[in-house]
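Participant: Below is protein_35.cif; it holds mmCIF, C-alpha atoms.
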data_protein
loop_
_atom_site.label_atom_id
_atom_site.label_comp_id
_atom_site.auth_asym_id
_atom_site.auth_seq_id
_atom_site.Cartn_x
_atom_site.Cartn_y
_atom_site.Cartn_z
CA MET T 455 1.49 12.79 -9.23
CA SER T 456 3.81 15.55 -10.34
CA GLY T 457 6.93 14.14 -8.74
CA GLY T 458 7.87 17.50 -7.29
CA GLY T 459 7.17 16.74 -3.64
CA ALA T 460 6.37 19.34 -1.01
CA GLY T 461 6.55 22.93 -2.16
CA ASP T 462 6.25 22.11 -5.86
CA PRO T 463 5.69 25.48 -7.60
CA ARG T 464 3.56 23.85 -10.29
CA ASP T 465 1.01 22.76 -7.68
CA ASP T 466 0.68 26.21 -6.07
CA PRO T 467 -0.33 28.93 -8.53
CA ASP T 468 0.00 31.66 -5.86
CA GLU T 469 1.61 34.49 -7.86
CA THR T 470 2.64 36.33 -4.68
CA LYS T 471 5.30 33.65 -4.20
CA SER T 472 6.70 34.22 -7.69
CA GLU T 473 10.11 35.87 -8.09
CA VAL T 474 10.27 37.86 -11.33
CA LEU T 475 13.78 37.83 -12.78
CA ASP T 476 15.37 39.85 -15.56
CA CYS T 477 18.13 37.68 -16.99
CA SER T 478 18.00 39.30 -20.42
CA TYR T 479 21.27 39.40 -22.33
CA GLN T 480 23.11 37.55 -19.54
CA ASN T 481 25.11 34.34 -19.46
CA HIS T 482 23.60 31.77 -17.11
CA SER T 483 25.15 28.62 -18.61
CA LYS T 484 24.74 25.64 -16.28
CA ALA T 485 22.74 27.80 -13.83
CA ILE T 486 20.30 26.13 -11.47
CA PHE T 487 16.73 27.44 -11.52
CA ARG T 488 15.29 24.14 -10.22
CA LYS T 489 11.81 24.46 -8.66
CA GLY T 490 11.90 28.20 -9.31
CA ARG T 491 8.76 30.33 -9.35
CA HIS T 492 9.63 32.81 -12.06
CA ARG T 493 6.31 33.52 -13.78
CA GLY T 494 6.55 36.55 -16.09
CA SER T 495 10.36 36.75 -16.00
CA SER T 496 12.54 37.80 -18.90
CA PHE T 497 15.24 35.51 -20.26
CA ARG T 498 15.35 37.30 -23.61
CA ARG T 499 18.60 36.49 -25.47
CA ALA T 500 19.99 34.89 -22.31
CA ILE T 501 22.48 32.05 -22.53
CA LEU T 502 20.97 29.14 -20.61
CA ASP T 503 22.97 26.29 -22.17
CA GLU T 504 22.88 23.19 -19.94
CA ALA T 505 20.89 25.11 -17.29
CA ASP T 506 18.57 23.27 -14.89
CA LEU T 507 15.01 24.63 -15.14
CA THR T 508 13.32 21.45 -13.87
CA GLU T 509 10.11 21.35 -11.84
CA GLY T 510 9.57 25.12 -12.03
CA ASP T 511 6.98 27.65 -13.10
CA PHE T 512 8.18 29.71 -16.05
CA SER T 513 4.71 30.59 -17.37
CA GLU T 514 4.39 33.80 -19.40
CA CYS T 515 8.20 34.17 -19.56
CA ASP T 516 10.09 35.79 -22.42
CA PHE T 517 12.69 33.40 -23.88
CA ARG T 518 12.93 35.13 -27.28
CA ARG T 519 16.22 34.30 -29.00
CA ALA T 520 17.57 32.65 -25.84
CA SER T 521 20.18 29.92 -26.17
CA MET T 522 18.99 26.88 -24.25
CA VAL T 523 21.09 24.14 -25.84
CA GLU T 524 20.92 20.93 -23.78
CA ALA T 525 18.97 22.70 -21.02
CA ASP T 526 16.90 20.52 -18.68
CA LEU T 527 13.30 21.77 -18.80
CA MET T 528 11.61 18.59 -17.57
CA LYS T 529 8.48 18.69 -15.42
CA SER T 530 8.15 22.49 -15.70
CA ALA T 531 5.35 24.84 -16.73
CA PHE T 532 6.03 27.17 -19.66
CA ASP T 533 2.39 28.04 -20.40
CA GLY T 534 2.11 31.17 -22.54
CA ALA T 535 5.90 31.59 -22.81
CA ASP T 536 7.50 33.20 -25.86
CA PHE T 537 10.23 31.05 -27.42
CA ARG T 538 10.37 32.79 -30.82
CA GLY T 539 13.83 32.37 -32.30
CA ALA T 540 15.15 30.46 -29.27
CA ASP T 541 17.70 27.67 -29.65
CA LEU T 542 16.51 24.62 -27.71
CA ARG T 543 18.56 21.99 -29.53
CA LYS T 544 18.85 18.78 -27.50
CA ALA T 545 16.91 20.26 -24.56
CA ARG T 546 15.08 17.83 -22.30
CA CYS T 547 11.42 18.84 -22.36
CA ASN T 548 9.51 15.66 -21.45
CA LEU T 549 6.63 15.94 -18.99
CA SER T 550 6.57 19.75 -19.30
CA ASN T 551 3.68 22.04 -20.24
CA PHE T 552 4.08 24.23 -23.31
CA ARG T 553 0.45 25.36 -23.62
CA ASN T 554 -0.16 28.39 -25.85
CA CYS T 555 3.54 29.08 -26.45
CA LYS T 556 4.92 31.11 -29.34
CA LEU T 557 7.52 28.98 -31.12
CA LYS T 558 8.03 30.63 -34.51
CA GLY T 559 11.65 30.14 -35.58
CA ALA T 560 12.59 28.21 -32.42
CA ASP T 561 15.06 25.39 -33.05
CA LEU T 562 13.68 22.23 -31.43
CA ARG T 563 15.88 19.72 -33.24
CA GLY T 564 17.01 16.84 -31.09
CA ILE T 565 14.80 17.70 -28.12
CA ARG T 566 13.16 15.05 -26.04
CA GLY T 567 9.63 16.37 -25.77
CA LYS T 568 7.07 14.15 -27.40
CA TYR T 569 5.62 13.46 -23.94
CA ALA T 570 5.23 17.17 -23.17
CA ILE T 571 1.94 19.06 -23.56
CA TRP T 572 1.99 21.34 -26.63
CA GLN T 573 -1.73 22.30 -26.69
CA GLY T 574 -2.36 25.63 -28.43
CA SER T 575 1.32 26.19 -29.28
CA ASP T 576 2.41 26.88 -32.87
CA TRP T 577 4.97 24.04 -32.95
CA TRP T 578 4.61 23.81 -36.77
CA ASN T 579 6.37 27.21 -37.06
CA ALA T 580 9.45 25.87 -35.25
CA ILE T 581 12.44 24.05 -36.71
CA LEU T 582 11.82 20.37 -35.90
CA SER T 583 13.33 16.99 -36.52
CA GLU T 584 11.16 14.75 -38.68
CA ASP T 585 10.35 12.27 -35.90
CA LEU T 586 9.27 15.00 -33.47
CA GLU T 587 7.15 16.63 -36.16
CA LYS T 588 5.34 13.34 -36.77
CA ALA T 589 4.76 12.77 -33.04
CA LEU T 590 3.44 16.30 -32.47
CA ALA T 591 1.26 16.24 -35.59
CA LYS T 592 -0.36 13.04 -34.36
CA LYS T 593 -0.97 14.15 -30.77
CA TRP T 594 -1.35 17.95 -31.17
CA PRO T 595 -2.61 18.44 -34.75
CA ARG T 596 -2.31 21.78 -36.43
CA PRO T 597 -5.67 23.61 -36.39
CA SER T 598 -7.36 23.62 -39.78
CA ASN T 599 -8.02 27.37 -39.58
CA HIS T 600 -4.29 28.24 -39.64
CA SER T 601 -2.62 29.16 -42.89
CA GLU T 602 0.97 28.31 -43.83
CA SER T 603 2.22 31.74 -42.73
CA SER T 604 0.57 31.86 -39.30
#
As structure tokens - that is how I would like this structure written.
Facilitator:
Amino acid sequence: MSGGGAGDPRDDPDETKSEVLDCSYQNHSKAIFRKGRHRGSSFRRAILDEADLTEGDFSECDFRRASMVEADLMKSAFDGADFRGADLRKARCNLSNFRNCKLKGADLRGIRGKYAIWQGSDWWNAILSEDLEKALAKKWPRPSNHSESS
């Protein structure tokens, strides 16, 4: 059970229903993107502090260097998204999918996300709190074929 109810965008992968947004370099603090279908959108360097991105599809989105401090990302899909250099301090990420995300240089300190799915993401290249690093290392171990610089 996803908890999204009828019309949950995570349950319907129909890309024709997706609305591609370009919010690059814009301030969307406290904006509401709840249950949005925004696959492939650009939020590059956007300010999304305290924004509501719950229960949405943000797969393959560009969040490079975005500010997402205390944003609510719970129960959303971010598969294949690019978070390099993004600031996600204290964001709520539990029950979300972060499969195959790029996280190099992303600041994940203080997030609530140990119950999220991090499969295939390079979480070890992000800035993490010690307790989150331990939880992720246990559940989503770093592949042995990756070097320190990858």
Participant: Any chance you could work out the residue set of the PyMOL selection byres ((chain T and resi 587) around 12) here, as a list in words?
Facilitator: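 Against this file, the PyMOL selection byres ((chain T and resi 587) around 12) returns the residues Leu562, Arg563, Gly564, Ile565, Arg566, Gly567, Lys568, Trp572, Asp576, Trp577, Trp578, Asn579, Ala580, Ile581, Leu582, Ser583, Glu584, Asp585, Leu586, Lys588, Ala589, Leu590, Ala591, Lys592, Lys593, Trp594, Pro595 and Arg596 of chain T.
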Participant: Kindly give the distance, in Å, that separates CA of Arg498 (chain T) and CA of His482 (chain T), rounded to a single decimal.
Facilitator: 11.9 Å
Participant: For Gly510 (chain T), find every residue with an atom within 9 Å (counting all atoms listed in the file), except residues of its own chain fewer than 3 positions away, and show them as a ChimeraX atom specification.
Facilitator: /T:462-464,487-492,507,527-532
Participant: Export C-alpha atoms of the chosen residues as a tab-separated table (two decimals), in the coordinates of the input?
Facilitator:
chain	number	residue	atom	x	y	z
T	462	ASP	CA	6.25	22.11	-5.86
T	463	PRO	CA	5.69	25.48	-7.60
T	464	ARG	CA	3.56	23.85	-10.29
T	487	PHE	CA	16.73	27.44	-11.52
T	488	ARG	CA	15.29	24.14	-10.22
T	489	LYS	CA	11.81	24.46	-8.66
T	490	GLY	CA	11.90	28.20	-9.31
T	491	ARG	CA	8.76	30.33	-9.35
T	492	HIS	CA	9.63	32.81	-12.06
T	507	LEU	CA	15.01	24.63	-15.14
T	527	LEU	CA	13.30	21.77	-18.80
T	528	MET	CA	11.61	18.59	-17.57
T	529	LYS	CA	8.48	18.69	-15.42
T	530	SER	CA	8.15	22.49	-15.70
T	531	ALA	CA	5.35	24.84	-16.73
T	532	PHE	CA	6.03	27.17	-19.66
Participant: CA of Cys477 (chain T) and CA of Asp511 (chain T) are how many Å apart?
Facilitator: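 Going from CA of Cys477 (chain T) over to CA of Asp511 (chain T), I get 15.5 Å.
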Participant: Translate the PyMOL selection byres ((chain T and resi 574) around 6) into a concrete residue list for this structure, as a PyMOL selection string.
Facilitator: chain T and resi 553-554+573+575
Participant: With C-alpha atoms retained, export the selected residues as an mmCIF file, in the coordinates of the input.
Facilitator:
data_model
loop_
_atom_site.group_PDB
_atom_site.id
_atom_site.type_symbol
_atom_site.label_atom_id
_atom_site.label_comp_id
_atom_site.auth_asym_id
_atom_site.auth_seq_id
_atom_site.Cartn_x
_atom_site.Cartn_y
_atom_site.Cartn_z
ATOM 1 C CA ARG T 553 0.450 25.360 -23.620
ATOM 2 C CA ASN T 554 -0.160 28.390 -25.850
ATOM 3 C CA GLN T 573 -1.730 22.300 -26.690
ATOM 4 C CA SER T 575 1.320 26.190 -29.280
#
Participant: Around all of region 568-586 of chain T's listed atoms, make the axis-aligned box with 4 Å on each side and tell me centre and edge lengths in Å to one decimal, as AutoDock Vina command-line options.
Facilitator:
--center_x 5.5 --center_y 19.7 --center_z -30.9 --size_x 23.7 --size_y 22.9 --size_z 23.5
Participant: Looking at T:Ala520, T:Cys515, T:Ile486, T:Ala525, which one is nearest to Asp503 (chain T), with distances taken over all atoms listed in the file?
Facilitator: T:Ala525
